[in-house]
Amino acid sequence: HIPTVFEAVRAEFGPELPLLHDAHHRLTPIQAAKLGKALEPYDLFWLEDVTPAENTAVLRRVQEHTTTPLAIGEVFNTIWDYRELFEEQLIDYVRSPVTHAGGITGLRRIFDYASVYQIRSGVHGPTDISPVGLAAALHLGVAIPNFGIQEYMRHSAATDEVFQPTYRFQDGLLNRVRNRGSASAMTTPSPTRTRTPARTCR
């Protein structure tokens, strides 16, 4: 069923729209490999959490059968969780959030290690990560050479009232706001970007 969904979306919106799919660790190795292969014509930005992240042997099988980029790691906490995944280049995007990976320093170590293997960031950003955690991820994103994308899920109005975040989501990008009044674009290491691209969840 899933490939037909992406076929319809591509037919409606064209090739430029970045498409991502999260399998929530629910697929068997063969299902994951088949899905990745079947989705290749639709040029996904990434296929996320196809199988349980801890089972690296499974990801070897998936990578053997598809060129669809794989994202994984929101359940990982340390650089050691990623060692085999990086060294064997079994994934394309790192999903750990700042709050689970030892803060900015811990996640920066992971991203530095990932950059050796041309693996990019894709920081986990659900609403159980506070605006403080998201702001930390945004600051880290502009400081690394292998920034990929920032996941963003809008917090409630009550949460924003308490934390008063200094970023705003608009037109698919996260923008830093200075002095609560004047907006300035968040820059990324890429010279072609002036604001931080964000993946939204509904």
# chains A, B, ... in the order shown; residues from 1 in each chain; ligands from 1
>>> select_by_dssp(residues="segment 15-193 of chain A", states="helix (DSSP H, G or I)", output="PyMOL selection string")
chain A and resi 29-38+40-42+56-65+79-87+98-100+103-116+131-141+157-163
>>> closest_atom_pairs(of="segment 31-142 of chain A", to="segment 157-169 of chain A", cutoff="9 Å", atoms="only C-alpha atoms", output="tab-separated table")
residue	atom	partner	partner_atom	distance
A:Ser130	CA	A:Thr159	CA	8.3
A:Pro131	CA	A:Pro165	CA	6.2
A:Val132	CA	A:Phe163	CA	7.5
A:Ala135	CA	A:Pro165	CA	7.6
>>> atom_distance(atom1="atom CA of Tyr152 of chain A", atom2="atom CA of Asp92 of chain A")
19.0 Å
>>> atom_distance(atom1="atom CA of Gln63 of chain A", atom2="atom CA of Thr51 of chain A")
12.0 Å
>>> atom_distance(atom1="atom CA of Ala137 of chain A", atom2="atom CA of Ser96 of chain A")
10.1 Å
>>> closest_residue(among="A:Ala38, A:Asp49, A:Glu16, A:Phe86", to="Thr66 of chain A", atoms="only C-alpha atoms")
A:Ala38
>>> select_by_dssp(residues="segment 7-202 of chain A", states="strand (DSSP E)", output="ChimeraX atom specification")
/A:20-22,46-48,70-72,93-94,120-123,149-152,167-170,173-178,182-184,196-200
>>> write_last_selection(atoms="C-alpha atoms", output="PDB file, in the first residue's frame")
ATOM      1  CA  LEU A  20       9.846  11.153   4.426  1.00  0.00           C
ATOM      2  CA  HIS A  21       8.296   7.998   5.855  1.00  0.00           C
ATOM      3  CA  ASP A  22       8.555   6.550   9.378  1.00  0.00           C
ATOM      4  CA  TRP A  46      14.600   9.281   4.016  1.00  0.00           C
ATOM      5  CA  LEU A  47      12.947   6.088   5.221  1.00  0.00           C
ATOM      6  CA  GLU A  48      12.965   6.139   9.012  1.00  0.00           C
ATOM      7  CA  LEU A  70      17.825   5.406   5.933  1.00  0.00           C
ATOM      8  CA  ALA A  71      17.368   7.417   9.139  1.00  0.00           C
ATOM      9  CA  ILE A  72      17.615   5.879  12.588  1.00  0.00           C
ATOM     10  CA  TYR A  93      20.806  10.300   8.965  1.00  0.00           C
ATOM     11  CA  VAL A  94      21.299  10.438  12.758  1.00  0.00           C
ATOM     12  CA  ARG A 120      23.979  13.881   8.189  1.00  0.00           C
ATOM     13  CA  SER A 121      21.908  15.084  11.130  1.00  0.00           C
ATOM     14  CA  GLY A 122      18.163  14.636  11.408  1.00  0.00           C
ATOM     15  CA  VAL A 123      17.547  15.483  15.062  1.00  0.00           C
ATOM     16  CA  ILE A 149      17.258  18.532   8.529  1.00  0.00           C
ATOM     17  CA  GLN A 150      15.580  19.379  11.840  1.00  0.00           C
ATOM     18  CA  GLU A 151      12.381  17.599  12.833  1.00  0.00           C
ATOM     19  CA  TYR A 152       9.835  20.039  14.229  1.00  0.00           C
ATOM     20  CA  TYR A 167      12.324  30.730  17.019  1.00  0.00           C
ATOM     21  CA  ARG A 168       9.349  30.682  14.676  1.00  0.00           C
ATOM     22  CA  PHE A 169       8.252  28.108  12.117  1.00  0.00           C
ATOM     23  CA  GLN A 170       7.225  29.590   8.767  1.00  0.00           C
ATOM     24  CA  LEU A 173      11.774  26.753   7.889  1.00  0.00           C
ATOM     25  CA  LEU A 174      12.686  27.574  11.480  1.00  0.00           C
ATOM     26  CA  ASN A 175      13.675  31.212  11.983  1.00  0.00           C
ATOM     27  CA  ARG A 176      15.437  32.723  14.946  1.00  0.00           C
ATOM     28  CA  VAL A 177      13.754  35.811  16.445  1.00  0.00           C
ATOM     29  CA  ARG A 178      15.904  38.437  18.162  1.00  0.00           C
ATOM     30  CA  SER A 182      12.831  41.542  15.048  1.00  0.00           C
ATOM     31  CA  ALA A 183      13.362  38.331  13.103  1.00  0.00           C
ATOM     32  CA  SER A 184      16.647  37.197  11.654  1.00  0.00           C
ATOM     33  CA  THR A 196      17.039  25.957   8.942  1.00  0.00           C
ATOM     34  CA  PRO A 197      14.894  23.464   6.979  1.00  0.00           C
ATOM     35  CA  ALA A 198      12.535  21.579   9.243  1.00  0.00           C
ATOM     36  CA  ARG A 199      10.555  18.402   8.924  1.00  0.00           C
ATOM     37  CA  THR A 200       7.114  18.775  10.475  1.00  0.00           C
TER      38      THR A 200
END
>>> residues_around(residues="Pro3 of chain A", least_positions_apart="6", cutoff="9 Å", atoms="only C-alpha atoms", output="short mmCIF file (atom, residue, chain, number, x, y, z; two decimals) with N, CA, C and O atoms, in the first residue's frame")
data_model
loop_
_atom_site.label_atom_id
_atom_site.label_comp_id
_atom_site.auth_asym_id
_atom_site.auth_seq_id
_atom_site.Cartn_x
_atom_site.Cartn_y
_atom_site.Cartn_z
N LEU A 35 10.39 -2.67 0.93
CA LEU A 35 9.82 -1.32 0.94
C LEU A 35 10.83 -0.30 0.44
O LEU A 35 10.50 0.56 -0.38
N ALA A 38 11.02 -0.64 -3.27
CA ALA A 38 9.79 -0.21 -3.94
C ALA A 38 9.64 1.31 -3.94
O ALA A 38 8.99 1.88 -4.82
N LEU A 39 10.25 1.98 -2.95
CA LEU A 39 10.12 3.43 -2.85
C LEU A 39 11.20 4.20 -3.63
O LEU A 39 11.12 5.43 -3.74
N TYR A 42 10.38 7.04 -6.10
CA TYR A 42 9.75 8.25 -5.56
C TYR A 42 10.75 9.13 -4.81
O TYR A 42 10.37 10.14 -4.25
#
